[in-house]
file structure37.cif (mmCIF, C-alpha atoms)
data_work
#
loop_
_atom_site.group_PDB
_atom_site.id
_atom_site.type_symbol
_atom_site.label_atom_id
_atom_site.label_comp_id
_atom_site.auth_asym_id
_atom_site.auth_seq_id
_atom_site.Cartn_x
_atom_site.Cartn_y
_atom_site.Cartn_z
ATOM 1 C CA MET A 1 88.502 112.559 102.127
ATOM 2 C CA ALA A 2 91.259 111.632 104.613
ATOM 3 C CA LYS A 3 92.787 109.402 101.962
ATOM 4 C CA GLN A 4 93.405 112.390 99.676
ATOM 5 C CA SER A 5 94.877 114.397 102.530
ATOM 6 C CA THR A 6 97.233 111.561 103.419
ATOM 7 C CA ASN A 7 98.196 111.148 99.772
ATOM 8 C CA GLY A 8 98.802 114.888 99.503
ATOM 9 C CA GLU A 9 100.988 114.898 102.613
ATOM 10 C CA PHE A 10 102.899 111.874 101.347
ATOM 11 C CA SER A 11 103.456 113.439 97.933
ATOM 12 C CA GLN A 12 104.551 116.706 99.505
ATOM 13 C CA ALA A 13 107.055 114.874 101.717
ATOM 14 C CA ILE A 14 108.599 113.220 98.660
ATOM 15 C CA ARG A 15 108.675 116.525 96.744
ATOM 16 C CA GLN A 16 110.384 118.211 99.694
ATOM 17 C CA ALA A 17 112.956 115.414 99.963
ATOM 18 C CA ILE A 18 113.686 115.728 96.220
ATOM 19 C CA ALA A 19 114.209 119.483 96.598
ATOM 20 C CA GLU A 20 116.472 119.024 99.622
ATOM 21 C CA LEU A 21 118.533 116.366 97.848
ATOM 22 C CA GLY A 22 119.727 118.991 95.383
ATOM 23 C CA GLU A 23 120.232 116.553 92.506
ATOM 24 C CA THR A 24 119.033 117.006 88.971
ATOM 25 C CA LEU A 25 116.045 114.967 87.895
ATOM 26 C CA ASN A 26 118.346 113.164 85.462
ATOM 27 C CA GLU A 27 120.584 112.026 88.317
ATOM 28 C CA LEU A 28 117.631 111.093 90.498
ATOM 29 C CA SER A 29 116.164 109.134 87.600
ATOM 30 C CA ARG A 30 119.426 107.280 87.059
ATOM 31 C CA ARG A 31 119.707 106.371 90.734
ATOM 32 C CA SER A 32 116.059 105.441 91.267
ATOM 33 C CA GLY A 33 115.029 103.929 87.961
ATOM 34 C CA VAL A 34 112.034 106.287 87.683
ATOM 35 C CA ALA A 35 111.795 107.977 84.273
ATOM 36 C CA VAL A 36 112.664 111.685 84.042
ATOM 37 C CA PRO A 37 109.315 112.679 82.472
ATOM 38 C CA GLN A 38 107.449 110.911 85.295
ATOM 39 C CA LEU A 39 109.618 112.649 87.908
ATOM 40 C CA SER A 40 109.159 116.013 86.230
ATOM 41 C CA ARG A 41 105.360 115.734 86.120
ATOM 42 C CA PHE A 42 105.295 114.571 89.739
ATOM 43 C CA VAL A 43 107.486 117.430 90.987
ATOM 44 C CA LYS A 44 105.283 119.930 89.127
ATOM 45 C CA GLY A 45 102.187 118.410 90.763
ATOM 46 C CA GLU A 46 100.752 117.278 87.429
ATOM 47 C CA ARG A 47 100.541 113.606 88.378
ATOM 48 C CA ASN A 48 100.892 111.188 91.258
ATOM 49 C CA LEU A 49 103.359 108.347 91.557
ATOM 50 C CA SER A 50 102.576 104.676 91.321
ATOM 51 C CA LEU A 51 103.445 102.709 94.436
ATOM 52 C CA PRO A 52 106.424 100.983 92.758
ATOM 53 C CA SER A 53 107.827 104.366 91.659
ATOM 54 C CA ALA A 54 107.258 105.846 95.110
ATOM 55 C CA GLU A 55 109.108 102.903 96.664
ATOM 56 C CA LYS A 56 112.077 103.391 94.337
ATOM 57 C CA LEU A 57 112.246 107.100 95.114
ATOM 58 C CA CYS A 58 111.903 106.548 98.837
ATOM 59 C CA ARG A 59 114.902 104.190 98.834
ATOM 60 C CA VAL A 60 117.057 106.825 97.141
ATOM 61 C CA LEU A 61 115.721 109.667 99.290
ATOM 62 C CA GLY A 62 116.147 107.829 102.589
ATOM 63 C CA LEU A 63 112.411 107.706 103.246
ATOM 64 C CA SER A 64 110.408 104.629 104.128
ATOM 65 C CA LEU A 65 106.919 103.452 103.398
ATOM 66 C CA ALA A 66 105.108 101.692 106.195
ATOM 67 C CA LYS A 67 101.780 99.969 106.295
ATOM 68 C CA THR A 68 99.698 100.999 109.258
ATOM 69 C CA LYS A 69 96.448 99.718 110.664
ATOM 70 C CA PRO A 70 93.432 101.522 109.245
ATOM 71 C CA THR A 71 91.640 103.862 111.590
ATOM 72 C CA LYS A 72 88.008 103.241 112.410
ATOM 73 C CA LYS A 73 85.447 105.917 111.699
#

call {"tool": "encode", "arguments": {"input": "structure37.cif", "output": "structure tokens"}}
result
Amino acid sequence: MAKQSTNGEFSQAIRQAIAELGETLNELSRRSGVAVPQLSRFVKGERNLSLPSAEKLCRVLGLSLAKTKPTKK
């Protein structure tokens, strides 16, 4: 269950950064290399991003992905 929560928080952080950027999805697509339809469905909450797409977006948005040690139950 924590995995979904983390994924939800991560997705929300990217959505918020997209909104704050103030660019059109076309411009964001051009700069990131992620297709407009994929961006649109992600922003609407209809789909998640693949890791490669998330990495591309994070570079453009000034966010970073970091691998952390798993927590023990």

call {"tool": "resolve_selection", "arguments": {"input": "structure37.cif", "expression": "the PyMOL selection byres ((chain A and resi 24-27) around 12)", "output": "tab-separated table (two decimals) with C-alpha atoms, in the frame of the given file"}}
result
chain	number	residue	atom	x	y	z
A	15	ARG	CA	108.68	116.52	96.74
A	18	ILE	CA	113.69	115.73	96.22
A	19	ALA	CA	114.21	119.48	96.60
A	20	GLU	CA	116.47	119.02	99.62
A	21	LEU	CA	118.53	116.37	97.85
A	22	GLY	CA	119.73	118.99	95.38
A	23	GLU	CA	120.23	116.55	92.51
A	28	LEU	CA	117.63	111.09	90.50
A	29	SER	CA	116.16	109.13	87.60
A	30	ARG	CA	119.43	107.28	87.06
A	31	ARG	CA	119.71	106.37	90.73
A	32	SER	CA	116.06	105.44	91.27
A	33	GLY	CA	115.03	103.93	87.96
A	34	VAL	CA	112.03	106.29	87.68
A	35	ALA	CA	111.80	107.98	84.27
A	36	VAL	CA	112.66	111.68	84.04
A	37	PRO	CA	109.32	112.68	82.47
A	38	GLN	CA	107.45	110.91	85.30
A	39	LEU	CA	109.62	112.65	87.91
A	40	SER	CA	109.16	116.01	86.23
A	41	ARG	CA	105.36	115.73	86.12
A	42	PHE	CA	105.30	114.57	89.74
A	43	VAL	CA	107.49	117.43	90.99
A	44	LYS	CA	105.28	119.93	89.13
A	57	LEU	CA	112.25	107.10	95.11
A	60	VAL	CA	117.06	106.82	97.14

call {"tool": "axis_aligned_box", "arguments": {"input": "structure37.cif", "around": "stretch 51-57 of chain A", "padding_each_side": "3 Å", "output": "JSON"}}
result
{"center_x": 107.8, "center_y": 104.0, "center_z": 94.2, "size_x": 14.8, "size_y": 12.1, "size_z": 11.0}

call {"tool": "residues_near_point", "arguments": {"input": "structure37.cif", "point": "(103.3, 102.7, 96.7)", "cutoff": "12 Å", "atoms": "all atoms listed in the file", "output": "MDAnalysis selection string"}}
result
chainID A and resid 7 10:11 14 48:59 64:67
